[in-house]
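Peer 1: Got upload_17.pdb for you, PDB, C-alpha atoms, pLDDT in the B column:
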```pdb
MODEL        1
ATOM      1  CA  MET A   1      -9.718   8.150 -32.545  1.00 59.00           C
ATOM      2  CA  ASP A   2      -6.270   9.400 -31.531  1.00 79.00           C
ATOM      3  CA  ARG A   3      -6.015  13.176 -32.105  1.00 82.00           C
ATOM      4  CA  GLU A   4      -2.819  12.886 -34.169  1.00 83.00           C
ATOM      5  CA  ILE A   5      -4.344  10.216 -36.399  1.00 86.00           C
ATOM      6  CA  LEU A   6      -7.509  12.300 -36.835  1.00 87.00           C
ATOM      7  CA  PHE A   7      -5.422  15.355 -37.729  1.00 88.00           C
ATOM      8  CA  ALA A   8      -3.397  13.419 -40.335  1.00 86.00           C
ATOM      9  CA  LYS A   9      -6.537  11.930 -41.894  1.00 89.00           C
ATOM     10  CA  THR A  10      -8.253  15.329 -41.981  1.00 90.00           C
ATOM     11  CA  LEU A  11      -5.218  16.911 -43.612  1.00 89.00           C
ATOM     12  CA  GLU A  12      -5.160  14.241 -46.321  1.00 89.00           C
ATOM     13  CA  LYS A  13      -8.898  14.701 -46.871  1.00 90.00           C
ATOM     14  CA  VAL A  14      -8.403  18.464 -47.265  1.00 88.00           C
ATOM     15  CA  LYS A  15      -5.582  17.943 -49.769  1.00 88.00           C
ATOM     16  CA  ALA A  16      -7.711  15.499 -51.780  1.00 88.00           C
ATOM     17  CA  LEU A  17     -10.659  17.930 -51.764  1.00 89.00           C
ATOM     18  CA  ALA A  18      -8.422  20.798 -52.863  1.00 87.00           C
ATOM     19  CA  LYS A  19      -7.031  18.698 -55.689  1.00 80.00           C
ATOM     20  CA  GLU A  20     -10.568  18.032 -56.954  1.00 83.00           C
ATOM     21  CA  GLN A  21     -11.195  21.790 -56.897  1.00 85.00           C
ATOM     22  CA  GLY A  22      -8.110  22.825 -58.857  1.00 77.00           C
ATOM     23  CA  ASN A  23      -5.663  22.982 -55.935  1.00 82.00           C
ATOM     24  CA  CYS A  24      -7.922  25.323 -54.009  1.00 88.00           C
ATOM     25  CA  ILE A  25     -10.100  25.137 -50.904  1.00 90.00           C
ATOM     26  CA  SER A  26     -12.238  27.835 -49.300  1.00 92.00           C
ATOM     27  CA  GLN A  27     -11.604  29.144 -45.789  1.00 91.00           C
ATOM     28  CA  ARG A  28     -15.045  27.882 -44.790  1.00 91.00           C
ATOM     29  CA  GLN A  29     -14.360  24.375 -46.085  1.00 91.00           C
ATOM     30  CA  LEU A  30     -11.046  24.318 -44.257  1.00 90.00           C
ATOM     31  CA  GLU A  31     -12.608  25.382 -40.973  1.00 89.00           C
ATOM     32  CA  GLU A  32     -15.445  22.874 -41.340  1.00 90.00           C
ATOM     33  CA  GLU A  33     -13.075  19.978 -42.003  1.00 89.00           C
ATOM     34  CA  PHE A  34     -10.977  20.779 -38.920  1.00 87.00           C
ATOM     35  CA  ALA A  35     -13.953  21.749 -36.695  1.00 89.00           C
ATOM     36  CA  GLU A  36     -13.877  18.447 -34.805  1.00 87.00           C
ATOM     37  CA  LEU A  37     -10.267  19.079 -33.765  1.00 86.00           C
ATOM     38  CA  GLY A  38     -11.054  22.540 -32.422  1.00 87.00           C
ATOM     39  CA  LEU A  39      -7.866  24.129 -33.759  1.00 84.00           C
ATOM     40  CA  GLU A  40      -6.904  27.575 -32.546  1.00 85.00           C
ATOM     41  CA  LYS A  41      -6.227  30.378 -35.031  1.00 85.00           C
ATOM     42  CA  GLY A  42      -2.470  29.906 -34.739  1.00 87.00           C
ATOM     43  CA  GLN A  43      -2.753  26.173 -35.409  1.00 87.00           C
ATOM     44  CA  LEU A  44      -5.027  26.749 -38.393  1.00 87.00           C
ATOM     45  CA  ALA A  45      -2.527  29.288 -39.712  1.00 89.00           C
ATOM     46  CA  LEU A  46       0.144  26.568 -39.603  1.00 88.00           C
ATOM     47  CA  VAL A  47      -2.163  24.299 -41.616  1.00 88.00           C
ATOM     48  CA  ILE A  48      -2.673  27.063 -44.176  1.00 89.00           C
ATOM     49  CA  ASP A  49       1.092  27.566 -44.391  1.00 86.00           C
ATOM     50  CA  TYR A  50       1.556  23.810 -44.919  1.00 84.00           C
ATOM     51  CA  LEU A  51      -1.062  23.768 -47.673  1.00 86.00           C
ATOM     52  CA  GLY A  52       0.608  26.737 -49.324  1.00 82.00           C
ATOM     53  CA  LYS A  53       3.897  24.850 -49.451  1.00 74.00           C
ATOM     54  CA  HIS A  54       2.001  22.061 -51.219  1.00 77.00           C
ATOM     55  CA  LYS A  55       0.604  24.616 -53.690  1.00 78.00           C
ATOM     56  CA  ILE A  56      -2.921  24.598 -52.353  1.00 85.00           C
ATOM     57  CA  GLY A  57      -4.538  28.009 -52.240  1.00 86.00           C
ATOM     58  CA  ILE A  58      -7.158  29.273 -49.801  1.00 89.00           C
ATOM     59  CA  GLY A  59     -10.012  30.896 -51.686  1.00 87.00           C
ATOM     60  CA  GLU A  60      -8.161  30.865 -55.007  1.00 84.00           C
ATOM     61  CA  PRO A  61      -5.579  28.581 -56.601  1.00 78.00           C
ATOM     62  CA  PRO A  62      -1.926  29.623 -56.352  1.00 76.00           C
ATOM     63  CA  ASN A  63      -0.045  30.873 -59.385  1.00 76.00           C
ATOM     64  CA  PRO A  64       1.992  27.857 -60.623  1.00 71.00           C
ATOM     65  CA  ASP A  65       4.568  30.174 -62.224  1.00 76.00           C
ATOM     66  CA  ASP A  66       5.641  31.334 -58.761  1.00 74.00           C
ATOM     67  CA  TYR A  67       7.168  27.907 -58.134  1.00 72.00           C
ATOM     68  CA  LEU A  68       9.290  27.747 -61.290  1.00 80.00           C
ATOM     69  CA  THR A  69      13.034  28.336 -61.226  1.00 82.00           C
ATOM     70  CA  GLY A  70      14.668  30.669 -63.739  1.00 86.00           C
ATOM     71  CA  GLU A  71      15.984  27.675 -65.646  1.00 88.00           C
ATOM     72  CA  GLU A  72      12.529  26.116 -65.782  1.00 89.00           C
ATOM     73  CA  LYS A  73      10.986  29.376 -67.008  1.00 89.00           C
ATOM     74  CA  ASP A  74      13.576  29.555 -69.805  1.00 91.00           C
ATOM     75  CA  TYR A  75      12.856  25.946 -70.781  1.00 92.00           C
ATOM     76  CA  LEU A  76       9.117  26.566 -70.676  1.00 91.00           C
ATOM     77  CA  ASP A  77       9.360  29.642 -72.901  1.00 92.00           C
ATOM     78  CA  THR A  78      11.281  27.641 -75.508  1.00 94.00           C
ATOM     79  CA  TYR A  79       8.946  24.649 -75.279  1.00 93.00           C
ATOM     80  CA  LEU A  80       5.808  26.776 -75.586  1.00 92.00           C
ATOM     81  CA  GLU A  81       7.280  28.425 -78.682  1.00 92.00           C
ATOM     82  CA  GLU A  82       7.631  24.950 -80.191  1.00 92.00           C
ATOM     83  CA  LEU A  83       4.011  24.166 -79.352  1.00 93.00           C
ATOM     84  CA  GLU A  84       2.935  27.312 -81.190  1.00 91.00           C
ATOM     85  CA  GLY A  85       3.804  25.435 -84.376  1.00 90.00           C
ATOM     86  CA  ILE A  86       0.992  22.963 -83.763  1.00 89.00           C
ATOM     87  CA  ASP A  87      -2.143  23.686 -85.785  1.00 87.00           C
ATOM     88  CA  LYS A  88      -4.988  24.742 -83.497  1.00 86.00           C
ATOM     89  CA  ALA A  89      -8.144  22.627 -83.500  1.00 83.00           C
ATOM     90  CA  GLY A  90     -10.869  24.032 -85.704  1.00 82.00           C
ATOM     91  CA  SER A  91     -14.518  24.274 -84.724  1.00 76.00           C
ATOM     92  CA  GLY A  92     -15.778  20.811 -83.820  1.00 86.00           C
ATOM     93  CA  GLU A  93     -12.462  19.196 -84.793  1.00 89.00           C
ATOM     94  CA  LYS A  94     -11.480  18.112 -81.301  1.00 90.00           C
ATOM     95  CA  GLU A  95     -14.700  16.191 -80.718  1.00 91.00           C
ATOM     96  CA  ALA A  96     -14.499  14.591 -84.169  1.00 94.00           C
ATOM     97  CA  VAL A  97     -10.865  13.627 -83.594  1.00 94.00           C
ATOM     98  CA  THR A  98     -11.742  12.221 -80.178  1.00 94.00           C
ATOM     99  CA  LEU A  99     -14.541  10.097 -81.636  1.00 94.00           C
ATOM    100  CA  SER A 100     -12.172   8.722 -84.269  1.00 95.00           C
ATOM    101  CA  ALA A 101      -9.508   8.087 -81.620  1.00 95.00           C
ATOM    102  CA  MET A 102     -12.068   6.198 -79.523  1.00 95.00           C
ATOM    103  CA  ALA A 103     -12.800   4.083 -82.600  1.00 94.00           C
ATOM    104  CA  GLY A 104      -9.111   3.172 -82.874  1.00 94.00           C
ATOM    105  CA  ASP A 105      -7.998   5.479 -85.687  1.00 95.00           C
ATOM    106  CA  LYS A 106      -4.211   5.832 -85.248  1.00 95.00           C
ATOM    107  CA  GLN A 107      -3.955   9.144 -87.064  1.00 95.00           C
ATOM    108  CA  ALA A 108      -6.732  10.610 -84.934  1.00 95.00           C
ATOM    109  CA  GLN A 109      -5.044   9.339 -81.775  1.00 96.00           C
ATOM    110  CA  ALA A 110      -1.798  11.041 -82.763  1.00 95.00           C
ATOM    111  CA  ARG A 111      -3.635  14.297 -83.500  1.00 95.00           C
ATOM    112  CA  LEU A 112      -5.503  14.163 -80.179  1.00 95.00           C
ATOM    113  CA  ALA A 113      -2.254  13.600 -78.286  1.00 95.00           C
ATOM    114  CA  GLU A 114      -0.796  16.604 -80.105  1.00 94.00           C
ATOM    115  CA  LEU A 115      -3.767  18.788 -79.136  1.00 94.00           C
ATOM    116  CA  PHE A 116      -3.392  17.754 -75.498  1.00 95.00           C
ATOM    117  CA  LEU A 117       0.264  18.821 -75.185  1.00 95.00           C
ATOM    118  CA  PRO A 118      -0.506  22.342 -73.887  1.00 94.00           C
ATOM    119  CA  GLU A 119      -2.716  20.821 -71.194  1.00 94.00           C
ATOM    120  CA  VAL A 120       0.213  18.630 -70.088  1.00 95.00           C
ATOM    121  CA  VAL A 121       2.244  21.803 -69.556  1.00 94.00           C
ATOM    122  CA  GLU A 122      -0.432  23.337 -67.319  1.00 90.00           C
ATOM    123  CA  ILE A 123      -0.681  20.158 -65.241  1.00 91.00           C
ATOM    124  CA  ALA A 124       3.111  19.924 -64.956  1.00 92.00           C
ATOM    125  CA  LYS A 125       3.238  23.473 -63.586  1.00 88.00           C
ATOM    126  CA  LEU A 126       0.887  22.388 -60.793  1.00 82.00           C
ATOM    127  CA  TYR A 127       3.363  19.665 -59.803  1.00 84.00           C
ATOM    128  CA  SER A 128       6.482  21.841 -60.041  1.00 84.00           C
ATOM    129  CA  GLY A 129       8.591  22.696 -57.005  1.00 78.00           C
ATOM    130  CA  GLN A 130       8.607  19.138 -55.646  1.00 80.00           C
ATOM    131  CA  GLY A 131      12.222  18.242 -56.270  1.00 78.00           C
ATOM    132  CA  VAL A 132      11.965  17.180 -59.914  1.00 87.00           C
ATOM    133  CA  TYR A 133      12.576  19.084 -63.148  1.00 89.00           C
ATOM    134  CA  LEU A 134       9.616  20.584 -64.993  1.00 91.00           C
ATOM    135  CA  GLU A 135      11.024  19.164 -68.235  1.00 93.00           C
ATOM    136  CA  ASP A 136      10.892  15.638 -66.778  1.00 93.00           C
ATOM    137  CA  LEU A 137       7.324  16.139 -65.574  1.00 94.00           C
ATOM    138  CA  ILE A 138       6.253  17.260 -69.043  1.00 95.00           C
ATOM    139  CA  GLY A 139       8.039  14.265 -70.548  1.00 95.00           C
ATOM    140  CA  GLU A 140       6.213  11.864 -68.236  1.00 96.00           C
ATOM    141  CA  GLY A 141       2.921  13.577 -68.998  1.00 96.00           C
ATOM    142  CA  ASN A 142       3.458  13.378 -72.745  1.00 96.00           C
ATOM    143  CA  VAL A 143       4.168   9.652 -72.501  1.00 96.00           C
ATOM    144  CA  ALA A 144       0.985   9.179 -70.482  1.00 96.00           C
ATOM    145  CA  VAL A 145      -1.025  11.009 -73.150  1.00 96.00           C
ATOM    146  CA  ALA A 146       0.541   8.953 -75.947  1.00 96.00           C
ATOM    147  CA  VAL A 147      -0.573   5.800 -74.154  1.00 96.00           C
ATOM    148  CA  GLY A 148      -3.900   7.231 -73.022  1.00 96.00           C
ATOM    149  CA  VAL A 149      -5.187   8.138 -76.485  1.00 95.00           C
ATOM    150  CA  THR A 150      -4.972   4.453 -77.422  1.00 95.00           C
ATOM    151  CA  MET A 151      -7.188   3.488 -74.465  1.00 95.00           C
ATOM    152  CA  LEU A 152     -10.232   5.664 -75.128  1.00 94.00           C
ATOM    153  CA  GLY A 153     -12.310   2.868 -76.600  1.00 92.00           C
ATOM    154  CA  CYS A 154     -13.741   2.136 -73.155  1.00 90.00           C
ATOM    155  CA  LEU A 155     -15.451   5.534 -72.994  1.00 89.00           C
ATOM    156  CA  GLU A 156     -19.063   6.190 -73.925  1.00 88.00           C
ATOM    157  CA  HIS A 157     -18.797   9.893 -74.762  1.00 91.00           C
ATOM    158  CA  PRO A 158     -15.974  12.011 -76.210  1.00 89.00           C
ATOM    159  CA  LYS A 159     -16.371  14.568 -73.395  1.00 89.00           C
ATOM    160  CA  GLU A 160     -15.001  11.945 -71.009  1.00 94.00           C
ATOM    161  CA  ALA A 161     -11.695  11.766 -72.879  1.00 93.00           C
ATOM    162  CA  GLU A 162     -10.201  14.968 -71.499  1.00 92.00           C
ATOM    163  CA  GLY A 163     -10.879  13.894 -67.911  1.00 93.00           C
ATOM    164  CA  MET A 164      -9.404  10.459 -68.497  1.00 95.00           C
ATOM    165  CA  LEU A 165      -6.276  11.824 -70.153  1.00 95.00           C
ATOM    166  CA  GLY A 166      -5.855  14.468 -67.466  1.00 93.00           C
ATOM    167  CA  LYS A 167      -6.051  11.854 -64.721  1.00 93.00           C
ATOM    168  CA  MET A 168      -3.516   9.642 -66.488  1.00 95.00           C
ATOM    169  CA  VAL A 169      -1.146  12.600 -66.785  1.00 95.00           C
ATOM    170  CA  MET A 170      -1.535  13.479 -63.092  1.00 92.00           C
ATOM    171  CA  ASP A 171      -1.067   9.869 -62.022  1.00 93.00           C
ATOM    172  CA  ALA A 172       2.087   9.594 -64.135  1.00 95.00           C
ATOM    173  CA  MET A 173       3.539  12.775 -62.661  1.00 93.00           C
ATOM    174  CA  GLU A 174       2.699  11.771 -59.094  1.00 91.00           C
ATOM    175  CA  THR A 175       4.301   8.364 -59.619  1.00 93.00           C
ATOM    176  CA  TYR A 176       7.409   9.977 -61.075  1.00 92.00           C
ATOM    177  CA  ILE A 177       7.704  12.393 -58.159  1.00 90.00           C
ATOM    178  CA  GLY A 178       7.247   9.559 -55.667  1.00 89.00           C
ATOM    179  CA  ASP A 179       9.842   7.386 -57.387  1.00 89.00           C
ATOM    180  CA  SER A 180      12.281  10.298 -57.609  1.00 88.00           C
ATOM    181  CA  LEU A 181      11.944  11.108 -53.908  1.00 81.00           C
ATOM    182  CA  GLU A 182      12.408   7.448 -53.029  1.00 84.00           C
ATOM    183  CA  GLU A 183      15.518   7.272 -55.204  1.00 83.00           C
ATOM    184  CA  SER A 184      16.855  10.466 -53.619  1.00 79.00           C
ATOM    185  CA  GLY A 185      16.316   8.923 -50.207  1.00 80.00           C
ATOM    186  CA  ARG A 186      18.252   5.815 -51.221  1.00 83.00           C
ATOM    187  CA  ASN A 187      21.067   7.953 -52.613  1.00 82.00           C
ATOM    188  CA  ARG A 188      21.284   9.950 -49.391  1.00 85.00           C
ATOM    189  CA  LYS A 189      21.404   6.737 -47.374  1.00 87.00           C
ATOM    190  CA  ILE A 190      24.230   5.413 -49.547  1.00 88.00           C
ATOM    191  CA  GLU A 191      26.105   8.704 -49.297  1.00 89.00           C
ATOM    192  CA  ASP A 192      25.731   8.724 -45.502  1.00 89.00           C
ATOM    193  CA  GLN A 193      27.029   5.156 -45.253  1.00 90.00           C
ATOM    194  CA  VAL A 194      30.066   5.810 -47.445  1.00 90.00           C
ATOM    195  CA  ASN A 195      30.856   9.060 -45.618  1.00 91.00           C
ATOM    196  CA  GLN A 196      30.581   7.401 -42.225  1.00 91.00           C
ATOM    197  CA  VAL A 197      33.005   4.615 -43.132  1.00 91.00           C
ATOM    198  CA  ALA A 198      35.364   7.045 -44.894  1.00 92.00           C
ATOM    199  CA  ASP A 199      35.433   9.355 -41.855  1.00 92.00           C
ATOM    200  CA  GLN A 200      36.089   6.482 -39.463  1.00 91.00           C
ATOM    201  CA  ALA A 201      38.808   5.117 -41.754  1.00 91.00           C
ATOM    202  CA  ARG A 202      40.431   8.556 -42.012  1.00 91.00           C
ATOM    203  CA  GLU A 203      40.501   9.051 -38.256  1.00 91.00           C
ATOM    204  CA  LEU A 204      41.958   5.608 -37.622  1.00 90.00           C
ATOM    205  CA  SER A 205      44.444   5.973 -40.486  1.00 90.00           C
ATOM    206  CA  GLU A 206      45.726   9.261 -39.060  1.00 89.00           C
ATOM    207  CA  LEU A 207      46.076   7.651 -35.645  1.00 87.00           C
ATOM    208  CA  MET A 208      47.919   4.578 -36.943  1.00 87.00           C
ATOM    209  CA  GLN A 209      49.905   6.515 -39.573  1.00 91.00           C
ATOM    210  CA  LYS A 210      48.979   4.020 -42.295  1.00 91.00           C
ATOM    211  CA  LYS A 211      46.097   2.803 -44.375  1.00 91.00           C
ATOM    212  CA  VAL A 212      43.857   0.583 -42.301  1.00 91.00           C
ATOM    213  CA  THR A 213      42.392  -2.808 -43.046  1.00 91.00           C
ATOM    214  CA  ILE A 214      38.715  -3.675 -42.880  1.00 91.00           C
ATOM    215  CA  GLU A 215      39.475  -5.954 -39.934  1.00 90.00           C
ATOM    216  CA  GLU A 216      41.093  -3.065 -38.033  1.00 90.00           C
ATOM    217  CA  LEU A 217      38.062  -0.871 -38.746  1.00 90.00           C
ATOM    218  CA  VAL A 218      35.717  -3.552 -37.426  1.00 89.00           C
ATOM    219  CA  GLN A 219      37.779  -3.920 -34.268  1.00 89.00           C
ATOM    220  CA  GLU A 220      38.230  -0.200 -33.558  1.00 87.00           C
ATOM    221  CA  THR A 221      34.927   1.319 -34.685  1.00 85.00           C
ATOM    222  CA  GLY A 222      32.295  -1.262 -33.830  1.00 83.00           C
ATOM    223  CA  LEU A 223      30.940  -1.153 -37.397  1.00 86.00           C
ATOM    224  CA  THR A 224      30.158  -4.555 -38.853  1.00 90.00           C
ATOM    225  CA  GLU A 225      32.372  -6.041 -41.542  1.00 89.00           C
ATOM    226  CA  GLU A 226      29.348  -6.355 -43.861  1.00 90.00           C
ATOM    227  CA  TYR A 227      28.502  -2.652 -43.416  1.00 90.00           C
ATOM    228  CA  ILE A 228      32.083  -1.558 -44.143  1.00 91.00           C
ATOM    229  CA  ARG A 229      32.497  -3.819 -47.174  1.00 90.00           C
ATOM    230  CA  GLU A 230      29.185  -2.579 -48.581  1.00 90.00           C
ATOM    231  CA  ALA A 231      30.335   1.036 -48.151  1.00 90.00           C
ATOM    232  CA  VAL A 232      33.609   0.260 -49.915  1.00 89.00           C
ATOM    233  CA  ARG A 233      31.704  -1.386 -52.775  1.00 88.00           C
ATOM    234  CA  LEU A 234      29.246   1.497 -53.058  1.00 85.00           C
ATOM    235  CA  SER A 235      32.137   3.958 -53.231  1.00 88.00           C
ATOM    236  CA  GLY A 236      33.649   2.034 -56.134  1.00 85.00           C
ATOM    237  CA  ASN A 237      36.578   1.010 -53.911  1.00 85.00           C
ATOM    238  CA  ARG A 238      37.600   4.659 -53.619  1.00 85.00           C
ATOM    239  CA  ILE A 239      37.865   5.098 -49.842  1.00 90.00           C
ATOM    240  CA  GLU A 240      41.538   6.050 -49.857  1.00 87.00           C
ATOM    241  CA  TYR A 241      42.239   5.360 -46.187  1.00 90.00           C
ATOM    242  CA  ILE A 242      41.368   1.656 -46.460  1.00 91.00           C
ATOM    243  CA  ALA A 243      44.147  -0.650 -47.640  1.00 88.00           C
ATOM    244  CA  ALA A 244      43.418  -2.717 -50.742  1.00 81.00           C
ATOM    245  CA  GLU A 245      42.995  -6.361 -49.912  1.00 73.00           C
ATOM    246  CA  GLN A 246      45.451  -8.814 -51.407  1.00 55.00           C
ATOM    247  CA  GLU A 247      44.016 -11.289 -53.876  1.00 42.00           C
TER     248      GLU A 247
ENDMDL
END
```
What does the file become when written as structure tokens?
Peer 2:
Amino acid sequence: MDREILFAKTLEKVKALAKEQGNCISQRQLEEEFAELGLEKGQLALVIDYLGKHKIGIGEPPNPDDYLTGEEKDYLDTYLEELEGIDKAGSGEKEAVTLSAMAGDKQAQARLAELFLPEVVEIAKLYSGQGVYLEDLIGEGNVAVAVGVTMLGCLEHPKEAEGMLGKMVMDAMETYIGDSLEESGRNRKIEDQVNQVADQARELSELMQKKVTIEELVQETGLTEEYIREAVRLSGNRIEYIAAEQE
């Protein structure tokens, strides 16, 4: 197997293993996983640095609070104060509520979702620092729980409920992060396209001492007419150096 492919696959395996262990992997496990690649100490240190940036600790899990912004910490303090108003589960209540929720009791499902809200916060903190707001992560997690408590009928034992709900919350947050990054990438691409056409139009406009037409831009810049028109549309027809077309 190609060394680069093997490295990438090993890195993904390590990340998956760490996730199963609470975002933590031991030094020994790390060295064993990369043994086949024969990494030097400096290379392994780079791997450890990479894992740290993805909030994976070596030997012990990282402190999720270290990745929160000041604004997120303020939001979290306020939100946790609100959660303090929720009645804590009494002895044996959570299991009883879970059993009733599994049987389809709507009131029990609502109560179970309520009891799981603090857990959503802890999971959200693990996914913080990835380009999305903590508040949005918590919102996605809460929606996942609200849906998840209605799907517990497939379980055989109430102890399985927490694992199922936790996985649904994590999946929802990972999907949201992925979608957000994809959307950010599209927005950057659009911004780059508009800026490129605007810069070319500005330069040509200054040279010709007038607003330029799309046809002149095509002829002088080598950009396609379709590309320019799309940029103009995406800008909301606000590229000032391009002359408005006559109807």
Peer 1: Report as a CSV table (one decimal) with C-alpha atoms, in the coordinates of the input all protein, DNA and RNA residues lying within 8 Å of segment 173-182 of chain A, evaluated on only C-alpha atoms, omitting residues in the same chain fewer than 5 positions from it.
Peer 2:
```csv
chain,number,residue,atom,x,y,z
A,124,ALA,CA,3.1,19.9,-65.0
A,127,TYR,CA,3.4,19.7,-59.8
A,130,GLN,CA,8.6,19.1,-55.6
A,131,GLY,CA,12.2,18.2,-56.3
A,132,VAL,CA,12.0,17.2,-59.9
A,137,LEU,CA,7.3,16.1,-65.6
A,140,GLU,CA,6.2,11.9,-68.2
A,141,GLY,CA,2.9,13.6,-69.0
```
Peer 1: Could you expand the PyMOL selection byres ((chain A and resi 200-216) around 8) into the explicit residues it covers here, written as a list in words?
Peer 2: Gln196, Val197, Ala198, Asp199, Leu217, Val218, Gln219, Glu220, Thr221, Glu225, Ile228, Arg229, Glu240, Tyr241, Ile242, Ala243, Ala244 and Glu245 of chain A
Peer 1: I'd like the residues picked by the PyMOL selection byres ((chain A and resi 98-113) around 7) written out as a list in words, using the chain letters and numbers from the file.
Peer 2: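 Selection result, ordered by chain and number: Lys94, Glu95, Ala96, Val97, Glu114, Leu115, Phe116, Leu117, Val145, Ala146, Val149, Thr150, Leu152, Gly153 and Pro158 of chain A.
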Peer 1: Can you spell out as a ChimeraX atom specification the set of residues that the PyMOL selection byres ((chain A and resi 14) around 12) selects in the structure I just provided?
Peer 2: /A:7-13,15-21,23-34,47-48,50-51,54,56-58
Peer 1: May I ask which of the residues A:Ser184, A:Gln43, A:Thr78, A:Gln193 is the closest one to Leu223 of chain A, counting all atoms listed in the file?
Peer 2: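 That would be A:Gln193, the residue with the smallest distance to Leu223 of chain A.
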Peer 1: To one decimal place in Å, what is the distance between atom CA of Asp192 of chain A and atom CA of Asn237 of chain A?
Peer 2: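 That distance, rounded to one decimal, is 15.7 Å.
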Peer 1: What is the distance, in Å and to one decimal place, between atom CA of Met168 of chain A and atom CA of Ala144 of chain A?
Peer 2: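 Between atom CA of Met168 of chain A and atom CA of Ala144 of chain A the gap is 6.0 Å.
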Peer 1: Mind rebuilding segment 112-130 of chain A with N, CA and C atoms and writing that out as a PDB file, in the frame of the given file?
Peer 2:
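Saved result, out26.pdb, follows:
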```pdb
ATOM      1  N   LEU A 112      -4.942  13.843 -81.487  1.00 95.00           N
ATOM      2  CA  LEU A 112      -5.503  14.163 -80.179  1.00 95.00           C
ATOM      3  C   LEU A 112      -4.393  14.341 -79.148  1.00 95.00           C
ATOM      4  N   ALA A 113      -3.393  13.476 -79.203  1.00 95.00           N
ATOM      5  CA  ALA A 113      -2.254  13.600 -78.286  1.00 95.00           C
ATOM      6  C   ALA A 113      -1.556  14.933 -78.496  1.00 95.00           C
ATOM      7  N   GLU A 114      -1.432  15.334 -79.753  1.00 94.00           N
ATOM      8  CA  GLU A 114      -0.796  16.604 -80.105  1.00 94.00           C
ATOM      9  C   GLU A 114      -1.595  17.777 -79.529  1.00 94.00           C
ATOM     10  N   LEU A 115      -2.911  17.717 -79.634  1.00 94.00           N
ATOM     11  CA  LEU A 115      -3.767  18.788 -79.136  1.00 94.00           C
ATOM     12  C   LEU A 115      -3.738  18.884 -77.614  1.00 94.00           C
ATOM     13  N   PHE A 116      -3.381  17.787 -76.964  1.00 95.00           N
ATOM     14  CA  PHE A 116      -3.392  17.754 -75.498  1.00 95.00           C
ATOM     15  C   PHE A 116      -2.075  18.222 -74.886  1.00 95.00           C
ATOM     16  N   LEU A 117      -1.052  18.444 -75.713  1.00 95.00           N
ATOM     17  CA  LEU A 117       0.264  18.821 -75.185  1.00 95.00           C
ATOM     18  C   LEU A 117       0.245  20.092 -74.340  1.00 95.00           C
ATOM     19  N   PRO A 118      -0.468  21.146 -74.739  1.00 94.00           N
ATOM     20  CA  PRO A 118      -0.506  22.342 -73.887  1.00 94.00           C
ATOM     21  C   PRO A 118      -1.121  22.068 -72.516  1.00 94.00           C
ATOM     22  N   GLU A 119      -2.092  21.161 -72.473  1.00 94.00           N
ATOM     23  CA  GLU A 119      -2.716  20.821 -71.194  1.00 94.00           C
ATOM     24  C   GLU A 119      -1.714  20.111 -70.277  1.00 94.00           C
ATOM     25  N   VAL A 120      -0.831  19.300 -70.868  1.00 95.00           N
ATOM     26  CA  VAL A 120       0.213  18.630 -70.088  1.00 95.00           C
ATOM     27  C   VAL A 120       1.103  19.665 -69.397  1.00 95.00           C
ATOM     28  N   VAL A 121       1.411  20.736 -70.114  1.00 94.00           N
ATOM     29  CA  VAL A 121       2.244  21.803 -69.556  1.00 94.00           C
ATOM     30  C   VAL A 121       1.571  22.411 -68.334  1.00 94.00           C
ATOM     31  N   GLU A 122       0.288  22.711 -68.438  1.00 90.00           N
ATOM     32  CA  GLU A 122      -0.432  23.337 -67.319  1.00 90.00           C
ATOM     33  C   GLU A 122      -0.476  22.411 -66.110  1.00 90.00           C
ATOM     34  N   ILE A 123      -0.661  21.121 -66.351  1.00 91.00           N
ATOM     35  CA  ILE A 123      -0.681  20.158 -65.241  1.00 91.00           C
ATOM     36  C   ILE A 123       0.702  20.044 -64.615  1.00 91.00           C
ATOM     37  N   ALA A 124       1.731  20.027 -65.459  1.00 92.00           N
ATOM     38  CA  ALA A 124       3.111  19.924 -64.956  1.00 92.00           C
ATOM     39  C   ALA A 124       3.449  21.097 -64.051  1.00 92.00           C
ATOM     40  N   LYS A 125       2.967  22.286 -64.401  1.00 88.00           N
ATOM     41  CA  LYS A 125       3.238  23.473 -63.586  1.00 88.00           C
ATOM     42  C   LYS A 125       2.638  23.324 -62.187  1.00 88.00           C
ATOM     43  N   LEU A 126       1.516  22.623 -62.097  1.00 82.00           N
ATOM     44  CA  LEU A 126       0.887  22.388 -60.793  1.00 82.00           C
ATOM     45  C   LEU A 126       1.738  21.467 -59.912  1.00 82.00           C
ATOM     46  N   TYR A 127       2.537  20.624 -60.551  1.00 84.00           N
ATOM     47  CA  TYR A 127       3.363  19.665 -59.803  1.00 84.00           C
ATOM     48  C   TYR A 127       4.817  20.130 -59.670  1.00 84.00           C
ATOM     49  N   SER A 128       5.112  21.339 -60.114  1.00 84.00           N
ATOM     50  CA  SER A 128       6.482  21.841 -60.041  1.00 84.00           C
ATOM     51  C   SER A 128       6.846  22.154 -58.590  1.00 84.00           C
ATOM     52  N   GLY A 129       8.136  22.350 -58.345  1.00 78.00           N
ATOM     53  CA  GLY A 129       8.591  22.696 -57.005  1.00 78.00           C
ATOM     54  C   GLY A 129       8.600  21.551 -56.033  1.00 78.00           C
ATOM     55  N   GLN A 130       8.618  20.309 -56.525  1.00 80.00           N
ATOM     56  CA  GLN A 130       8.607  19.138 -55.646  1.00 80.00           C
ATOM     57  C   GLN A 130       9.864  18.291 -55.821  1.00 80.00           C
TER      58      GLN A 130
END
```
